[in-house]
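Notes follow the structure.
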Amino acid sequence: MKTTQKIDPLLSLIAVPPGYLNVMGYWDASEENGPGCRAVVWLQGCHRHCSDCANPQSWSFELNELISIDRMFRTIVRNPKNEGVTFAGGEPFWQASALALLAKRLKAEGLNTMAYTGFTLERLLAPYAPAGSQALLDQLDLVVDASVCKTPVGCFL
Ligand code: SF4
């Protein structure tokens, strides 16, 4: 009999030290991942496993590349073409607390912020949302959630 192992993102994320992000990839000055010219941070880990996901390598919650919030911040602001930042994935909201700190620093530098998510906004506002969701929402100028985008762009679309 075939069994499927359920991944608990919360348990997996314990391995990510405070002040760090588990990142799948990074692009500078993208014009295809939101309005204008943007840095794009792809977070590692998504439990949804959508059948039409273009980016299944983002599903694993194993550590991929650990980048400190400070280093990510410096990387993004180093390129003056970056008018804003997009968080995609994987699922950004499983790393919401760290992303909220990063977004706050970027906004103070004048960059705008957005995120794609496989959650609905309703779920992110609920008491059982992933830790730090409200803090991250407070720092975002734009959220594209699962109710808007059938296949959340958490992927290289
Ligand atoms: S499409 Fe987005 S939400 Fe769905 S599995 Fe891929 S990264 Fe996750």
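Going by the structure tokens order, chains are called A, B, ..., each with residues numbered from 1, while ligands are numbered from 1 in the order shown.
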*asked:* Neighbouring residues of ligand 1 are defined here as those with any atom at most 8 Å from a ligand atom, counting only C-alpha atoms and all ligand atoms; list them as a PyMOL selection string.
replied: chain A and resi 45-56+58-59+88-91+117-119+146+151-155
Selection from above, C-alpha atoms, as a JSON list (two decimals), in the first residue's frame, can you write it?
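Heads up, here's the output in out-v2.json:
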[["chain", "number", "residue", "atom", "x", "y", "z"],
["A", 45, "GLY", "CA", 9.24, 25.41, 1.14],
["A", 46, "CYS", "CA", 5.64, 24.96, 0.08],
["A", 47, "HIS", "CA", 3.23, 22.30, 1.30],
["A", 48, "ARG", "CA", 0.55, 22.81, -1.34],
["A", 49, "HIS", "CA", 2.01, 20.71, -4.12],
["A", 50, "CYS", "CA", -0.27, 22.20, -6.81],
["A", 51, "SER", "CA", -0.48, 19.91, -9.82],
["A", 52, "ASP", "CA", 0.37, 22.76, -12.17],
["A", 53, "CYS", "CA", 3.20, 24.19, -10.12],
["A", 54, "ALA", "CA", 5.98, 25.42, -12.38],
["A", 55, "ASN", "CA", 8.47, 25.30, -9.56],
["A", 56, "PRO", "CA", 8.32, 22.01, -7.65],
["A", 58, "SER", "CA", 10.56, 24.99, -4.10],
["A", 59, "TRP", "CA", 8.41, 22.45, -2.24],
["A", 88, "ALA", "CA", 7.49, 34.45, -3.88],
["A", 89, "GLY", "CA", 8.18, 30.81, -3.42],
["A", 90, "GLY", "CA", 7.65, 28.37, -2.20],
["A", 91, "GLU", "CA", 5.40, 29.94, 0.35],
["A", 117, "THR", "CA", 0.98, 33.47, -1.55],
["A", 118, "GLY", "CA", -0.84, 30.17, -1.81],
["A", 119, "PHE", "CA", -2.91, 31.14, 1.25],
["A", 146, "ALA", "CA", -4.78, 32.26, -3.72],
["A", 151, "THR", "CA", -1.79, 29.15, -9.46],
["A", 152, "PRO", "CA", -0.12, 31.52, -7.04],
["A", 153, "VAL", "CA", 2.90, 32.85, -8.79],
["A", 154, "GLY", "CA", 5.05, 31.41, -6.11],
["A", 155, "CYS", "CA", 6.83, 30.09, -9.10]]
*Excluding same-chain residues fewer than 3 positions from segment 103-112 of chain A, what lies within 8 Å of it counting only C-alpha atoms, as a PyMOL selection string?*
chain A and resi 73+77+82-85+99-100+136+139-141
Could the residues in this selection be saved with C-alpha atoms as a PDB file, in the first residue's frame?
ATOM      1  CA  PHE A  73      18.785  43.597   2.593  1.00  0.00           C
ATOM      2  CA  VAL A  77      19.509  47.806  -2.035  1.00  0.00           C
ATOM      3  CA  ASN A  82      15.371  47.627  -7.749  1.00  0.00           C
ATOM      4  CA  GLU A  83      12.343  49.838  -7.094  1.00  0.00           C
ATOM      5  CA  GLY A  84      10.685  47.194  -4.991  1.00  0.00           C
ATOM      6  CA  VAL A  85      10.873  43.631  -3.783  1.00  0.00           C
ATOM      7  CA  LEU A  99      10.343  38.653   5.901  1.00  0.00           C
ATOM      8  CA  ALA A 100       8.467  41.269   7.919  1.00  0.00           C
ATOM      9  CA  LEU A 136       4.321  40.737   7.223  1.00  0.00           C
ATOM     10  CA  GLN A 139       4.719  45.694   5.663  1.00  0.00           C
ATOM     11  CA  LEU A 140       3.308  44.726   2.255  1.00  0.00           C
ATOM     12  CA  ASP A 141       1.957  47.152  -0.305  1.00  0.00           C
TER      13      ASP A 141
END
*List every residue of segment 33-108 of chain A that DSSP, applied to the backbone of this structure, assigns to helix (DSSP H, G or I), and report them as a PyMOL selection string.*
chain A and resi 56-58+69-78+92-108
Residues within 6 Å of Tyr20 of chain A, please, as a PDB file with N, CA and C atoms, in the first residue's frame. Count only C-alpha atoms; anything in the same chain fewer than 2 positions from it doesn't count.
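Output (out_12.pdb):
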ATOM      1  N   PRO A  17      17.586  29.279  11.471  1.00  0.00           N
ATOM      2  CA  PRO A  17      17.933  30.083  12.650  1.00  0.00           C
ATOM      3  C   PRO A  17      17.228  31.438  12.619  1.00  0.00           C
ATOM      4  N   PRO A  18      16.961  32.003  13.790  1.00  0.00           N
ATOM      5  CA  PRO A  18      16.372  33.348  13.836  1.00  0.00           C
ATOM      6  C   PRO A  18      17.261  34.340  13.089  1.00  0.00           C
ATOM      7  N   ILE A  67      20.267  32.648   4.183  1.00  0.00           N
ATOM      8  CA  ILE A  67      20.787  34.007   3.985  1.00  0.00           C
ATOM      9  C   ILE A  67      20.272  34.869   5.130  1.00  0.00           C
ATOM     10  N   SER A  68      21.162  35.602   5.753  1.00  0.00           N
ATOM     11  CA  SER A  68      20.718  36.457   6.859  1.00  0.00           C
ATOM     12  C   SER A  68      19.862  37.600   6.299  1.00  0.00           C
ATOM     13  N   ILE A  69      18.993  38.100   7.152  1.00  0.00           N
ATOM     14  CA  ILE A  69      18.147  39.234   6.754  1.00  0.00           C
ATOM     15  C   ILE A  69      19.027  40.408   6.344  1.00  0.00           C
TER      16      ILE A  69
END
*With a distance cut-off of 12 Å and only C-alpha atoms, select the neighbouring residues of Ala135 of chain A, excluding the residue or stretch itself and same-chain residues fewer than 3 positions from it, and output the selection as an MDAnalysis selection string.*
chainID A and resid 93 95:104 124:125 129:132 138:140
*What does the distance between atom CA of Asp145 of chain A and atom CA of Pro92 of chain A come to in Å, to one decimal place?*
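Separation of atom CA of Asp145 of chain A and atom CA of Pro92 of chain A: 11.2 Å.
Comparing A:Arg71, A:Leu63, A:Lys81, A:Thr86 by their smallest distance to Val40 of chain A, the closest is A:Thr86 (using only C-alpha atoms).
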*Find the distance between atom CA of Ala126 of chain A and atom CA of Trp94 of chain A and write it in Å to one decimal.*
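These atoms are spaced 14.4 Å apart.
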*Apply DSSP to the backbone of this structure and, from segment 14-156 of chain A, keep only the residues in strand (DSSP E or B); write these as number ranges by chain.*
A: 20-30, 38-43, 65-68, 84-88, 112-116, 142-144
Put those residues in a file: N, CA and C atoms, as a tab-separated table (two decimals), in the first residue's frame.
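Result file selection_5.tsv:
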chain	number	residue	atom	x	y	z
A	20	TYR	N	17.42	34.57	9.84
A	20	TYR	CA	17.80	34.02	8.54
A	20	TYR	C	16.58	33.64	7.73
A	21	LEU	N	16.79	33.58	6.43
A	21	LEU	CA	15.77	33.09	5.49
A	21	LEU	C	16.30	31.86	4.80
A	22	ASN	N	15.42	30.89	4.58
A	22	ASN	CA	15.77	29.73	3.75
A	22	ASN	C	15.29	30.04	2.34
A	23	VAL	N	16.25	30.32	1.48
A	23	VAL	CA	15.95	30.91	0.17
A	23	VAL	C	16.17	29.88	-0.94
A	24	MET	N	15.24	29.88	-1.90
A	24	MET	CA	15.41	29.02	-3.06
A	24	MET	C	16.17	29.73	-4.18
A	25	GLY	N	15.95	31.04	-4.30
A	25	GLY	CA	16.63	31.77	-5.36
A	25	GLY	C	16.43	33.27	-5.22
A	26	TYR	N	17.19	33.99	-6.03
A	26	TYR	CA	17.12	35.46	-5.98
A	26	TYR	C	17.38	36.01	-7.38
A	27	TRP	N	16.58	37.00	-7.77
A	27	TRP	CA	16.82	37.72	-9.01
A	27	TRP	C	16.88	39.20	-8.73
A	28	ASP	N	17.76	39.85	-9.45
A	28	ASP	CA	17.85	41.31	-9.40
A	28	ASP	C	17.09	41.90	-10.58
A	29	ALA	N	16.50	43.06	-10.36
A	29	ALA	CA	15.95	43.88	-11.44
A	29	ALA	C	15.05	43.10	-12.41
A	30	SER	N	14.11	42.35	-11.87
A	30	SER	CA	13.16	41.62	-12.71
A	30	SER	C	12.01	42.55	-13.10
A	38	ARG	N	12.05	45.00	-10.10
A	38	ARG	CA	12.02	44.51	-8.72
A	38	ARG	C	13.06	43.44	-8.45
A	39	ALA	N	13.50	43.42	-7.20
A	39	ALA	CA	14.22	42.25	-6.70
A	39	ALA	C	13.17	41.18	-6.40
A	40	VAL	N	13.54	39.93	-6.61
A	40	VAL	CA	12.62	38.83	-6.32
A	40	VAL	C	13.33	37.83	-5.42
A	41	VAL	N	12.70	37.56	-4.28
A	41	VAL	CA	13.24	36.56	-3.35
A	41	VAL	C	12.29	35.37	-3.35
A	42	TRP	N	12.81	34.22	-3.79
A	42	TRP	CA	12.02	32.98	-3.75
A	42	TRP	C	12.34	32.23	-2.48
A	43	LEU	N	11.34	32.02	-1.66
A	43	LEU	CA	11.55	31.29	-0.41
A	43	LEU	C	11.44	29.79	-0.66
A	65	GLU	N	19.41	27.40	0.93
A	65	GLU	CA	20.45	28.42	1.14
A	65	GLU	C	19.99	29.35	2.26
A	66	LEU	N	20.75	29.37	3.32
A	66	LEU	CA	20.42	30.26	4.44
A	66	LEU	C	21.08	31.61	4.19
A	67	ILE	N	20.27	32.65	4.18
A	67	ILE	CA	20.79	34.01	3.98
A	67	ILE	C	20.27	34.87	5.13
A	68	SER	N	21.16	35.60	5.75
A	68	SER	CA	20.72	36.46	6.86
A	68	SER	C	19.86	37.60	6.30
A	84	GLY	N	11.48	47.90	-5.99
A	84	GLY	CA	10.69	47.19	-4.99
A	84	GLY	C	11.19	45.78	-4.86
A	85	VAL	N	10.51	45.03	-3.98
A	85	VAL	CA	10.87	43.63	-3.78
A	85	VAL	C	9.60	42.79	-3.84
A	86	THR	N	9.75	41.60	-4.43
A	86	THR	CA	8.66	40.62	-4.47
A	86	THR	C	9.10	39.38	-3.72
A	87	PHE	N	8.24	38.92	-2.80
A	87	PHE	CA	8.48	37.66	-2.12
A	87	PHE	C	7.60	36.60	-2.78
A	88	ALA	N	8.23	35.52	-3.23
A	88	ALA	CA	7.49	34.45	-3.88
A	88	ALA	C	8.07	33.13	-3.37
A	112	ASN	N	9.11	49.54	-2.53
A	112	ASN	CA	7.77	49.00	-2.27
A	112	ASN	C	7.85	47.48	-2.16
A	113	THR	N	6.80	46.89	-1.60
A	113	THR	CA	6.88	45.47	-1.25
A	113	THR	C	5.62	44.74	-1.70
A	114	MET	N	5.80	43.53	-2.17
A	114	MET	CA	4.64	42.70	-2.51
A	114	MET	C	4.99	41.23	-2.28
A	115	ALA	N	3.93	40.40	-2.19
A	115	ALA	CA	4.15	38.96	-2.02
A	115	ALA	C	3.07	38.18	-2.76
A	116	TYR	N	3.47	37.06	-3.30
A	116	TYR	CA	2.54	36.06	-3.80
A	116	TYR	C	2.39	35.00	-2.73
A	142	LEU	N	1.31	45.18	-1.55
A	142	LEU	CA	0.46	44.40	-2.45
A	142	LEU	C	0.60	42.91	-2.12
A	143	VAL	N	-0.55	42.24	-2.05
A	143	VAL	CA	-0.55	40.79	-1.83
A	143	VAL	C	-1.38	40.15	-2.93
A	144	VAL	N	-0.81	39.18	-3.62
A	144	VAL	CA	-1.57	38.40	-4.60
A	144	VAL	C	-1.82	37.05	-3.94
*Kindly give the distance, in Å, that separates atom CA of Leu121 of chain A and atom CA of Leu137 of chain A, rounded to a single decimal.*
9.3 Å
